[in-house]
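Source file: work-v6.csv (CSV, C-alpha atoms)
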chain,number,residue,atom,x,y,z
D,10,MET,CA,0.0,0.0,0.0
D,11,SER,CA,1.1,3.6,-0.7
D,12,ASP,CA,1.2,6.6,1.6
D,13,VAL,CA,-2.1,7.8,0.0
D,14,GLU,CA,-3.8,4.5,0.7
D,15,TYR,CA,-2.7,4.4,4.4
D,16,MET,CA,-3.9,8.0,4.8
D,17,GLN,CA,-7.2,7.1,3.2
D,18,LEU,CA,-7.5,4.4,5.9
D,19,ALA,CA,-6.7,7.0,8.6
D,20,LEU,CA,-9.4,9.3,7.2
D,21,ARG,CA,-12.0,6.5,7.3
D,22,LEU,CA,-11.1,5.7,10.8
D,23,ALA,CA,-11.4,9.4,11.8
D,24,LEU,CA,-15.0,9.4,10.4
D,25,LYS,CA,-16.0,6.8,13.0
D,26,GLY,CA,-15.9,9.6,15.6
D,27,LYS,CA,-18.2,11.9,13.7
D,28,GLY,CA,-20.7,13.6,16.0
D,29,LYS,CA,-18.8,12.4,19.1
D,30,THR,CA,-15.5,14.3,19.4
D,31,SER,CA,-16.6,17.9,19.6
D,32,PRO,CA,-14.9,20.3,20.5
D,33,ASN,CA,-12.0,18.2,19.3
D,34,PRO,CA,-11.3,17.3,15.6
D,35,LEU,CA,-11.9,14.0,13.9
D,36,VAL,CA,-8.6,12.1,13.8
D,37,GLY,CA,-7.6,8.7,12.7
D,38,ALA,CA,-4.2,7.0,12.9
D,39,VAL,CA,-2.5,3.9,11.4
D,40,VAL,CA,0.8,2.4,12.4
D,41,VAL,CA,2.7,0.5,9.7
D,42,LYS,CA,5.9,-1.6,9.9
D,43,ASN,CA,7.4,-3.6,7.0
D,44,GLY,CA,4.2,-3.2,5.0
D,45,GLU,CA,2.0,-4.6,7.8
D,46,ILE,CA,-0.6,-2.5,9.7
D,47,ILE,CA,0.2,-3.1,13.4
D,48,GLY,CA,-2.0,-0.5,14.9
D,49,ARG,CA,-5.2,1.5,14.1
D,50,GLY,CA,-7.1,4.1,16.1
D,51,TYR,CA,-9.4,7.0,16.1
D,52,HIS,CA,-10.4,9.7,18.5
D,53,ARG,CA,-13.7,8.7,20.1
D,54,GLN,CA,-14.5,11.6,22.5
D,55,ALA,CA,-13.0,14.7,23.9
D,56,GLY,CA,-11.0,13.8,27.0
D,57,LYS,CA,-10.4,10.2,25.8
D,58,ARG,CA,-7.2,8.9,24.1
D,59,HIS,CA,-6.2,10.6,20.9
D,60,ALA,CA,-6.0,8.5,17.7
D,61,GLU,CA,-2.2,8.3,17.7
D,62,ILE,CA,-2.3,6.9,21.3
D,63,VAL,CA,-5.0,4.3,20.5
D,64,ALA,CA,-3.0,3.1,17.5
D,65,LEU,CA,0.3,3.0,19.4
D,66,ASP,CA,-1.3,1.1,22.2
D,67,GLU,CA,-2.5,-1.5,19.8
D,68,ALA,CA,1.0,-1.7,18.1
D,69,GLY,CA,2.7,-2.1,21.5
D,70,LYS,CA,6.5,-2.8,21.3
D,71,LYS,CA,6.3,-3.4,17.6
D,72,ALA,CA,5.9,0.4,17.1
D,73,ARG,CA,9.7,0.9,17.3
D,74,GLY,CA,11.0,1.7,13.8
D,75,SER,CA,7.4,2.0,12.4
D,76,THR,CA,5.7,4.7,10.3
D,77,LEU,CA,2.7,6.5,11.8
D,78,TYR,CA,0.0,7.9,9.5
D,79,VAL,CA,-2.3,10.5,10.9
D,80,ASN,CA,-4.7,13.0,9.2
D,81,LEU,CA,-3.9,15.9,11.5
D,82,GLU,CA,-0.5,17.1,12.9
D,83,PRO,CA,0.1,15.4,16.3
D,84,CYS,CA,-0.4,17.8,19.3
D,85,ALA,CA,2.7,19.1,21.1
D,86,THR,CA,0.9,20.8,24.0
D,87,TYR,CA,-1.1,19.7,27.0
D,88,GLY,CA,-4.9,19.9,26.8
D,89,ARG,CA,-7.3,17.4,28.2
D,90,THR,CA,-4.6,14.8,27.5
D,91,PRO,CA,-0.8,14.8,27.3
D,92,PRO,CA,1.0,15.7,24.0
D,93,CYS,CA,0.9,12.9,21.4
D,94,VAL,CA,4.4,13.8,20.1
D,95,ASP,CA,5.9,12.8,23.4
D,96,ARG,CA,4.4,9.3,23.1
D,97,ILE,CA,5.4,9.0,19.4
D,98,ILE,CA,9.0,9.8,20.4
D,99,LYS,CA,9.0,7.5,23.4
D,100,GLU,CA,7.8,4.5,21.2
D,101,GLY,CA,10.6,5.0,18.8
D,102,VAL,CA,8.5,5.7,15.7
D,103,LYS,CA,10.8,6.2,12.7
D,104,LYS,CA,8.5,8.3,10.4
D,105,VAL,CA,5.3,10.3,10.7
D,106,VAL,CA,3.1,11.0,7.6
D,107,ILE,CA,0.6,13.9,8.2
D,108,GLY,CA,-2.4,14.9,6.2
D,109,MET,CA,-2.8,18.5,7.3
D,110,LEU,CA,-1.0,20.9,9.7
D,111,ASP,CA,-2.7,22.1,12.9
D,112,PRO,CA,-4.6,25.3,11.8
D,113,ASN,CA,-4.2,26.9,15.2
D,114,PRO,CA,-1.4,29.5,14.8
D,115,VAL,CA,-0.4,28.8,18.4
D,116,ASN,CA,0.3,25.1,17.7
D,117,ARG,CA,1.0,25.1,14.0
D,118,LYS,CA,4.1,23.1,13.1
D,119,LYS,CA,5.1,22.7,16.8
D,120,GLY,CA,4.5,19.0,16.7
D,121,ILE,CA,6.5,18.7,13.5
D,122,ARG,CA,9.4,20.7,14.9
D,123,LYS,CA,9.5,18.6,18.1
D,124,LEU,CA,9.5,15.3,16.1
D,125,LYS,CA,12.3,16.6,13.8
D,126,THR,CA,14.5,17.5,16.8
D,127,GLN,CA,14.4,13.8,17.6
D,128,ASN,CA,15.5,12.8,14.1
D,129,ILE,CA,12.0,11.5,13.2
D,130,ASP,CA,11.3,11.8,9.5
D,131,VAL,CA,8.2,13.8,8.8
D,132,LYS,CA,6.2,14.0,5.6
D,133,THR,CA,3.3,16.4,5.2
D,134,GLY,CA,0.7,17.2,2.5
D,135,VAL,CA,-0.7,13.7,1.9
D,136,LEU,CA,-4.4,14.1,1.1
D,137,THR,CA,-4.5,17.6,2.6
D,138,LYS,CA,-7.7,18.6,0.9
D,139,GLU,CA,-9.5,15.6,2.1
D,140,ALA,CA,-8.2,16.1,5.6
D,141,GLU,CA,-9.3,19.7,5.6
D,142,GLU,CA,-12.8,18.8,4.3
D,143,LEU,CA,-13.2,16.2,7.0
D,144,ASN,CA,-12.5,18.8,9.7
D,145,LYS,CA,-13.9,22.0,8.1
D,146,CYS,CA,-16.1,22.7,11.1
D,147,TRP,CA,-13.3,22.4,13.6
D,148,ILE,CA,-11.0,24.5,11.4
D,149,LYS,CA,-13.3,27.4,11.5
D,150,PHE,CA,-14.0,27.0,15.2
D,151,ILE,CA,-10.3,26.9,16.1
D,152,THR,CA,-9.2,29.8,13.8
D,153,GLN,CA,-12.2,32.2,14.0
D,154,ARG,CA,-13.7,31.2,17.4
D,155,GLU,CA,-17.1,30.8,15.8
D,156,PRO,CA,-19.1,27.7,14.9
D,157,TYR,CA,-19.3,26.4,11.4
D,158,VAL,CA,-22.8,27.2,10.2
D,159,ILE,CA,-24.9,25.0,7.9
D,160,LEU,CA,-28.2,26.5,6.8
D,161,LYS,CA,-30.8,23.9,5.7
D,162,VAL,CA,-33.9,24.9,3.8
D,163,ALA,CA,-36.6,22.8,2.2
D,164,ARG,CA,-38.7,24.4,-0.4
D,165,SER,CA,-41.1,23.8,-3.2
D,166,LEU,CA,-40.3,24.2,-6.9
D,167,ASP,CA,-42.0,27.5,-6.8
D,168,GLY,CA,-39.7,28.7,-4.1
D,169,LYS,CA,-41.9,28.5,-1.0
D,170,ILE,CA,-40.9,27.1,2.4
D,171,ALA,CA,-44.5,26.9,3.5
D,172,THR,CA,-48.1,27.4,2.2
D,173,PHE,CA,-49.8,30.7,2.7
D,174,THR,CA,-51.3,29.4,5.9
D,175,GLY,CA,-47.9,28.5,7.2
D,176,ASP,CA,-48.2,24.7,6.7
D,177,SER,CA,-44.8,23.2,6.1
D,178,LYS,CA,-45.2,19.5,7.0
D,179,TRP,CA,-43.9,17.6,5.1
D,180,ILE,CA,-42.4,19.4,2.1
D,181,THR,CA,-39.6,16.8,1.6
D,182,SER,CA,-39.7,13.0,1.2
D,183,PRO,CA,-39.0,10.5,4.1
D,184,ALA,CA,-35.5,9.9,2.6
D,185,ALA,CA,-34.7,13.6,2.7
D,186,ARG,CA,-35.9,13.8,6.3
D,187,GLY,CA,-33.8,10.8,7.2
D,188,TYR,CA,-30.8,12.5,5.8
D,189,VAL,CA,-31.5,15.6,7.9
D,190,HIS,CA,-31.9,13.5,11.1
D,191,ARG,CA,-28.6,11.9,10.5
D,192,LEU,CA,-27.0,15.3,10.0
D,193,ARG,CA,-28.6,16.4,13.3
D,194,SER,CA,-26.9,13.5,15.0
D,195,GLU,CA,-23.5,14.8,13.7
D,196,VAL,CA,-23.7,18.5,14.7
D,197,ASP,CA,-23.5,20.1,18.1
D,198,ALA,CA,-26.6,22.2,17.9
D,199,ILE,CA,-29.8,23.1,15.9
D,200,LEU,CA,-31.1,26.6,15.7
D,201,VAL,CA,-34.6,27.7,14.9
D,202,GLY,CA,-36.7,30.8,15.4
D,203,ILE,CA,-39.6,31.2,17.8
D,204,ASN,CA,-42.1,31.2,15.0
D,205,THR,CA,-41.1,27.6,14.1
D,206,VAL,CA,-41.7,26.6,17.7
D,207,LEU,CA,-45.0,28.3,17.9
D,208,GLN,CA,-46.2,27.0,14.5
D,209,ASP,CA,-44.8,23.5,14.4
D,210,ASP,CA,-44.0,22.6,18.0
D,211,PRO,CA,-41.1,20.4,16.9
D,212,LEU,CA,-39.0,18.1,19.1
D,213,LEU,CA,-35.8,19.1,17.3
D,214,SER,CA,-34.4,15.6,18.1
D,215,ALA,CA,-32.2,13.4,15.9
D,216,ARG,CA,-34.3,10.3,15.2
D,217,LEU,CA,-33.6,7.0,13.5
D,218,SER,CA,-37.4,6.3,13.5
D,219,GLU,CA,-40.4,7.7,15.3
D,220,LYS,CA,-39.5,5.9,18.5
D,221,ARG,CA,-35.7,5.5,18.2
D,222,LEU,CA,-33.2,8.3,18.8
D,223,TYR,CA,-29.6,8.6,17.7
D,224,ARG,CA,-27.2,8.3,20.7
D,225,HIS,CA,-26.0,11.9,20.1
D,226,GLN,CA,-28.7,14.6,20.5
D,227,PRO,CA,-27.8,18.2,19.5
D,228,THR,CA,-28.4,21.1,21.7
D,229,LYS,CA,-31.5,23.1,20.8
D,230,ILE,CA,-31.2,26.8,20.3
D,231,ILE,CA,-34.2,29.0,20.0
D,232,LEU,CA,-34.2,32.7,18.9
D,233,ASP,CA,-36.9,34.4,20.9
D,234,SER,CA,-36.4,38.1,21.5
D,235,HIS,CA,-39.4,38.5,23.8
D,236,LEU,CA,-39.6,35.0,25.3
D,237,ARG,CA,-42.9,33.9,23.7
D,238,VAL,CA,-41.9,30.2,24.0
D,239,PRO,CA,-44.6,28.1,25.7
D,240,LEU,CA,-43.3,26.4,28.8
D,241,GLU,CA,-45.1,23.2,27.6
D,242,ALA,CA,-43.4,23.2,24.2
D,243,LYS,CA,-42.2,19.8,23.0
D,244,ILE,CA,-38.5,21.0,22.9
D,245,PHE,CA,-38.6,20.7,26.7
D,246,SER,CA,-40.1,17.2,26.8
D,247,ARG,CA,-38.4,14.0,27.8
D,248,ARG,CA,-39.0,12.7,24.3
D,249,SER,CA,-36.3,15.2,23.2
D,250,PRO,CA,-33.5,14.8,25.7
D,251,ALA,CA,-30.9,17.5,25.0
D,252,PRO,CA,-30.0,20.9,26.5
D,253,VAL,CA,-32.0,23.9,25.4
D,254,ILE,CA,-30.6,27.4,25.0
D,255,ILE,CA,-32.9,30.3,24.4
D,256,ALA,CA,-31.3,33.5,23.0
D,257,THR,CA,-33.3,36.5,23.9
D,258,THR,CA,-32.9,40.3,24.5
D,259,LYS,CA,-33.1,42.7,27.4
D,260,PHE,CA,-36.8,43.1,26.6
D,261,ALA,CA,-37.5,39.5,27.9
D,262,PRO,CA,-39.6,39.5,31.1
D,263,LEU,CA,-37.5,38.5,34.1
D,264,SER,CA,-40.4,36.3,35.5
D,265,LYS,CA,-40.3,34.2,32.3
D,266,ILE,CA,-36.5,33.9,32.5
D,267,LYS,CA,-36.8,32.5,36.0
D,268,LYS,CA,-39.4,30.0,35.0
D,269,LEU,CA,-37.3,28.8,32.1
D,270,GLU,CA,-34.2,28.5,34.2
D,271,LYS,CA,-36.1,26.4,36.7
D,272,LYS,CA,-36.8,24.0,33.9
D,273,GLY,CA,-33.0,23.8,33.3
D,274,VAL,CA,-33.0,26.0,30.2
D,275,GLN,CA,-30.1,28.3,29.6
D,276,VAL,CA,-31.2,31.8,28.7
D,277,LEU,CA,-28.7,34.0,26.9
D,278,ILE,CA,-29.2,37.7,26.7
D,279,VAL,CA,-28.0,39.0,23.4
D,280,LYS,CA,-28.0,42.5,22.1
D,281,ALA,CA,-30.5,43.4,19.3
D,282,LYS,CA,-29.5,44.7,15.9
D,283,ASP,CA,-32.1,46.3,13.7
D,284,ARG,CA,-34.8,44.8,15.9
D,285,ARG,CA,-33.3,41.3,15.5
D,286,LEU,CA,-31.0,39.3,17.7
D,287,ASP,CA,-27.4,40.0,16.7
D,288,LEU,CA,-26.5,36.6,15.3
D,289,LYS,CA,-22.8,37.5,14.9
D,290,MET,CA,-22.6,38.2,18.6
D,291,LEU,CA,-24.5,35.0,19.3
D,292,MET,CA,-22.0,32.9,17.3
D,293,GLY,CA,-19.2,34.2,19.5
D,294,GLU,CA,-21.2,33.2,22.6
D,295,LEU,CA,-21.9,29.7,21.2
D,296,ALA,CA,-18.2,29.2,20.5
D,297,LYS,CA,-17.4,30.0,24.1
D,298,MET,CA,-19.8,27.1,24.9
D,299,GLU,CA,-17.7,24.9,22.6
D,300,ILE,CA,-20.4,24.6,19.9
D,301,VAL,CA,-18.3,23.8,16.9
D,302,CYS,CA,-20.9,22.9,14.3
D,303,LEU,CA,-24.4,24.6,14.1
D,304,LEU,CA,-27.3,23.6,11.9
D,305,ILE,CA,-29.9,26.3,11.2
D,306,GLU,CA,-33.3,24.9,10.3
D,307,GLY,CA,-35.8,27.7,10.2
D,308,GLY,CA,-37.8,29.6,9.6
D,309,GLY,CA,-37.9,32.4,6.9
D,310,GLU,CA,-36.9,35.3,9.2
D,311,VAL,CA,-34.1,33.3,10.7
D,312,PHE,CA,-32.8,32.4,7.2
D,313,GLU,CA,-32.9,36.0,6.1
D,314,SER,CA,-31.1,37.2,9.3
D,315,ALA,CA,-28.5,34.5,9.0
D,316,ILE,CA,-27.7,35.4,5.4
D,317,GLU,CA,-27.6,39.1,6.2
D,318,SER,CA,-25.3,38.5,9.1
D,319,LYS,CA,-22.9,36.6,6.9
D,320,ILE,CA,-22.6,33.7,9.3
D,321,VAL,CA,-23.5,30.9,6.9
D,322,ASP,CA,-20.7,28.6,5.7
D,323,GLU,CA,-22.7,26.0,3.9
D,324,PHE,CA,-26.2,25.8,2.3
D,325,LEU,CA,-28.2,22.7,2.0
D,326,VAL,CA,-31.2,23.3,-0.2
D,327,PHE,CA,-33.8,20.6,-0.6
D,328,ILE,CA,-36.2,21.2,-3.5
D,329,ALA,CA,-39.3,19.1,-3.5
D,330,PRO,CA,-41.1,18.3,-6.8
D,331,LYS,CA,-44.2,20.2,-5.7
D,332,ILE,CA,-45.9,23.4,-6.7
D,333,PHE,CA,-47.7,25.2,-3.8
D,334,GLY,CA,-49.3,28.0,-5.7
D,335,ASN,CA,-52.1,29.2,-3.3
D,336,VAL,CA,-53.0,25.9,-1.6
D,337,SER,CA,-53.4,26.0,2.2
D,338,LYS,CA,-51.9,22.6,3.0
D,339,VAL,CA,-48.7,20.9,1.7
D,340,SER,CA,-50.8,17.7,0.9
D,341,GLN,CA,-52.7,19.8,-1.6
D,342,ALA,CA,-49.7,20.8,-3.6
D,343,GLN,CA,-49.4,20.0,-7.3
D,344,ARG,CA,-46.8,17.1,-7.7
D,345,LEU,CA,-44.4,16.7,-10.5
D,346,SER,CA,-43.0,13.4,-11.9
D,347,SER,CA,-40.3,12.4,-14.4
D,348,LEU,CA,-38.0,15.0,-12.8
D,349,GLU,CA,-34.8,15.8,-14.6
D,350,ILE,CA,-32.0,18.0,-13.4
D,351,LYS,CA,-29.6,19.8,-15.8
D,352,LYS,CA,-26.8,22.3,-15.3
D,353,VAL,CA,-27.1,25.2,-17.7
D,354,GLY,CA,-24.0,27.4,-17.3
D,355,GLU,CA,-24.0,28.4,-13.6
D,356,ASP,CA,-27.7,27.7,-13.3
D,357,VAL,CA,-29.7,24.5,-12.5
D,358,LEU,CA,-32.6,23.6,-14.6
D,359,LEU,CA,-35.3,21.3,-13.2
D,360,GLU,CA,-37.8,19.7,-15.7
D,361,GLY,CA,-40.9,17.8,-14.6
D,362,LEU,CA,-44.3,16.7,-15.7
D,363,THR,CA,-47.4,17.5,-13.8
D,364,GLN,CA,-49.4,14.7,-12.3
D,365,HIS,CA,-53.2,14.8,-13.1
Go ahead and express the file in the form of structure tokens.
Amino acid sequence: MSDVEYMQLALRLALKGKGKTSPNPLVGAVVVKNGEIIGRGYHRQAGKRHAEIVALDEAGKKARGSTLYVNLEPCATYGRTPPCVDRIIKEGVKKVVIGMLDPNPVNRKKGIRKLKTQNIDVKTGVLTKEAEELNKCWIKFITQREPYVILKVARSLDGKIATFTGDSKWITSPAARGYVHRLRSEVDAILVGINTVLQDDPLLSARLSEKRLYRHQPTKIILDSHLRVPLEAKIFSRRSPAPVIIATTKFAPLSKIKKLEKKGVQVLIVKAKDRRLDLKMLMGELAKMEIVCLLIEGGGEVFESAIESKIVDEFLVFIAPKIFGNVSKVSQAQRLSSLEIKKVGEDVLLEGLTQH
């Protein structure tokens, strides 16, 4: 196997920690000696062994004279665990192959320099783009001290996210909803506006099925400038077991704040900007709480505010083959079949036949 193939294996191992390692990055490691893999590992959770340590533990005494493949530069400073480079040096590893450098200016190349001082051969730049894509959320968090923001929107072919009555269940197919629930299980938090809570009363949980939840449940964040959230809303129920944060303003009634805090809800007072919560400021506060990856799910005002605030890093736009027109319910929408998608220049063309 080549360096690229071993690094691909390290990246696949790193993916096993998705949704579990925050606020740490996704890291996988492989120890190779004489063409044989003698150790594999990945980081499972913040505070637990790093990938390099897991792989070296598996390799044991065989690690002396080996090559270590890891998708992220090994740490050289103390954090929740001791520096990985010290263990690499101690085990007598001969060569370290690295996917990407540590993006944190404070730590960048420190691990490499320390390895080189011990005459350990270091090779960098193997599948760097893939390594950076894997940890895109963590890279933004560690360099800008803000969460990586994904904005998800589901809309009809005529560009609507709800009917004129506000009905929005269900625009997309069960498969699309399953995709979103899996995404929820991989992010740190979901953010919606108070109108979504008042209209839909969602659980905001990550579900495998109606009764089965993913092990990881994202924190629920509600934008509610005047604290209109009902105390009996489903987001507070036991069916949706995850912390709740409500971002509000100084206009929120103190009595309601106290009632929410008694329920275990964290209330954040955020300054208002143009009569809306200052989302840029909120992002900084969420980063302090070690929220690395944030999924924004609705509704229309929140989408608009997020785009205007320039906090969105990635858009996920689901387009259902339906035309709402002036119907009051999603179930009444005109459906299209034989849908074809073409790229015309920079634009996307969708063609479909109406169902009569």
Sorted by chain and rising residue number, which residues of range 95-184 of chain D lie within 9 Å of range 64-71 of chain D, and what are their closest atom pairs and distances in Å to one decimal, counting all atoms listed in the file, as a Markdown table?
| residue | atom | partner | partner_atom | distance |
| --- | --- | --- | --- | --- |
| D:Arg96 | CA | D:Leu65 | CA | 8.4 |
| D:Ile97 | CA | D:Leu65 | CA | 7.9 |
| D:Glu100 | CA | D:Lys70 | CA | 7.4 |
Compile the contact shell of range 269-285 of chain D as an mmCIF file with C-alpha atoms, in the coordinates of the input: residues with an atom at most 6 Å away, counting all atoms listed in the file, same-chain residues fewer than 2 positions apart removed.
data_model
loop_
_atom_site.group_PDB
_atom_site.id
_atom_site.type_symbol
_atom_site.label_atom_id
_atom_site.label_comp_id
_atom_site.auth_asym_id
_atom_site.auth_seq_id
_atom_site.Cartn_x
_atom_site.Cartn_y
_atom_site.Cartn_z
ATOM 1 C CA VAL D 253 -32.000 23.900 25.400
ATOM 2 C CA ILE D 254 -30.600 27.400 25.000
ATOM 3 C CA ILE D 255 -32.900 30.300 24.400
ATOM 4 C CA ALA D 256 -31.300 33.500 23.000
ATOM 5 C CA THR D 257 -33.300 36.500 23.900
ATOM 6 C CA THR D 258 -32.900 40.300 24.500
ATOM 7 C CA ILE D 266 -36.500 33.900 32.500
ATOM 8 C CA LYS D 267 -36.800 32.500 36.000
ATOM 9 C CA ASP D 287 -27.400 40.000 16.700
#
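Checking D:Ala198, D:Leu359, D:Leu213, D:Ile107 one by one against Met298 in chain D, counting only C-alpha atoms, you find the shortest gap at D:Ala198.
The smallest atom-to-atom distance between Leu291 in chain D and any of D:Thr137, D:Ser318, D:Ser194, D:Asn43, using only C-alpha atoms, is found for D:Ser318.
Distance check against Thr152 in chain D using all atoms listed in the file: of D:Ala315, D:Leu20, D:Ala296, D:Leu286, the minimum falls on D:Ala296.
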Please determine the residues with any atom at most 12 Å from (-45.3, 16.3, -6.1) (coordinates as given in the file, with only C-alpha atoms counting) and report them as a compact mmCIF listing (two decimals) with C-alpha atoms, in the frame of the given file.
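After the write, point05.txt holds the following:
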# COMPACT_ATOMS: atom_id res chain seq x y z
CA ARG D 164 -38.70 24.40 -0.40
CA SER D 165 -41.10 23.80 -3.20
CA LEU D 166 -40.30 24.20 -6.90
CA ASP D 167 -42.00 27.50 -6.80
CA TRP D 179 -43.90 17.60 5.10
CA ILE D 180 -42.40 19.40 2.10
CA THR D 181 -39.60 16.80 1.60
CA SER D 182 -39.70 13.00 1.20
CA ILE D 328 -36.20 21.20 -3.50
CA ALA D 329 -39.30 19.10 -3.50
CA PRO D 330 -41.10 18.30 -6.80
CA LYS D 331 -44.20 20.20 -5.70
CA ILE D 332 -45.90 23.40 -6.70
CA PHE D 333 -47.70 25.20 -3.80
CA VAL D 339 -48.70 20.90 1.70
CA SER D 340 -50.80 17.70 0.90
CA GLN D 341 -52.70 19.80 -1.60
CA ALA D 342 -49.70 20.80 -3.60
CA GLN D 343 -49.40 20.00 -7.30
CA ARG D 344 -46.80 17.10 -7.70
CA LEU D 345 -44.40 16.70 -10.50
CA SER D 346 -43.00 13.40 -11.90
CA SER D 347 -40.30 12.40 -14.40
CA LEU D 348 -38.00 15.00 -12.80
CA GLY D 361 -40.90 17.80 -14.60
CA LEU D 362 -44.30 16.70 -15.70
CA THR D 363 -47.40 17.50 -13.80
CA GLN D 364 -49.40 14.70 -12.30
CA HIS D 365 -53.20 14.80 -13.10
Practice task
Show which residues sit within 9 Å of Gln127 in chain D, as a count of residues only. Count all atoms listed in the file, and ignore same-chain residues fewer than 4 positions away.
Solution key: 3
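The shortest atom-to-atom distance to Arg224 in chain D, with all atoms listed in the file taken into account, belongs to D:Glu195 out of D:Asp130, D:Glu195, D:Asp209, D:Asp95.
The residue set within 8 Å of His235 in chain D, counting only C-alpha atoms and dropping same-chain residues fewer than 2 places from it, reads D:Asp233, D:Arg237, D:Thr257, D:Thr258, D:Phe260, D:Ala261, D:Pro262.
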request  = Please identify all polymer residues within 10 Å of Ile159 in chain D, counting all atoms listed in the file, omitting same-chain residues fewer than 3 positions from it, and present them as a VMD selection string.
outcome  = chain D and resid 146 156 162 196 199 302 to 306 320 to 325
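Distance annotation: of D:Asn80, D:Ser31, D:Thr86, D:Ser11, the residue with the minimal separation from Leu110 in chain D is D:Asn80; atom set is only C-alpha atoms.
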inquiry  = Residues near Gly108 in chain D, anyone? I mean within 10 Å using all atoms listed in the file, not counting same-chain ones fewer than 3 positions away, as a PyMOL selection string.
reply    = chain D and resi 13+16-17+19-20+78-82+111+132-141
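Taking CA of Lys229 in chain D as the reference point, CA of Arg58 in chain D is found at 28.3 Å.
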Exercise: residues within 12 Å of coordinate (-1.9, 16.1, 23.2), counting all atoms listed in the file, as a ChimeraX atom specification: /D:33,52,55-62,81-97,111,116,119-120
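Computed from the coordinates, the CA of Glu142 in chain D to CA of Gly293 in chain D distance equals 22.6 Å.
For the atom pair formed by CA of Arg53 in chain D and CA of Ala184 in chain D, the distance is 28.0 Å, given to one decimal.
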Your completed range 40-54 of chain D with N, CA and C atoms, as a compact mmCIF listing (two decimals), in the frame of the given file:
# COMPACT_ATOMS: atom_id res chain seq x y z
N VAL D 40 -0.57 2.69 12.24
CA VAL D 40 0.80 2.40 12.40
C VAL D 40 1.23 1.24 11.52
N VAL D 41 2.28 1.46 10.72
CA VAL D 41 2.70 0.50 9.70
C VAL D 41 4.17 0.13 9.90
N LYS D 42 4.48 -1.18 9.79
CA LYS D 42 5.90 -1.60 9.90
C LYS D 42 6.10 -2.77 8.90
N ASN D 43 7.09 -2.59 8.05
CA ASN D 43 7.40 -3.60 7.00
C ASN D 43 6.20 -3.99 6.19
N GLY D 44 5.40 -2.97 5.85
CA GLY D 44 4.20 -3.20 5.00
C GLY D 44 3.04 -3.79 5.69
N GLU D 45 3.14 -3.96 7.01
CA GLU D 45 2.00 -4.60 7.80
C GLU D 45 1.42 -3.51 8.72
N ILE D 46 0.10 -3.45 8.77
CA ILE D 46 -0.60 -2.50 9.70
C ILE D 46 -0.58 -3.20 11.08
N ILE D 47 0.08 -2.55 12.02
CA ILE D 47 0.20 -3.10 13.40
C ILE D 47 -0.61 -2.35 14.41
N GLY D 48 -1.20 -1.23 13.99
CA GLY D 48 -2.00 -0.50 14.90
C GLY D 48 -2.96 0.47 14.21
N ARG D 49 -4.18 0.54 14.70
CA ARG D 49 -5.20 1.50 14.10
C ARG D 49 -5.88 2.16 15.32
N GLY D 50 -6.34 3.36 15.07
CA GLY D 50 -7.10 4.10 16.10
C GLY D 50 -7.75 5.30 15.64
N TYR D 51 -8.75 5.73 16.38
CA TYR D 51 -9.40 7.00 16.10
C TYR D 51 -9.83 7.65 17.39
N HIS D 52 -9.98 8.96 17.35
CA HIS D 52 -10.40 9.70 18.50
C HIS D 52 -11.89 9.51 18.73
N ARG D 53 -12.29 9.02 19.88
CA ARG D 53 -13.70 8.70 20.10
C ARG D 53 -14.48 9.79 20.80
N GLN D 54 -13.80 10.55 21.67
CA GLN D 54 -14.50 11.60 22.50
C GLN D 54 -13.52 12.49 23.12
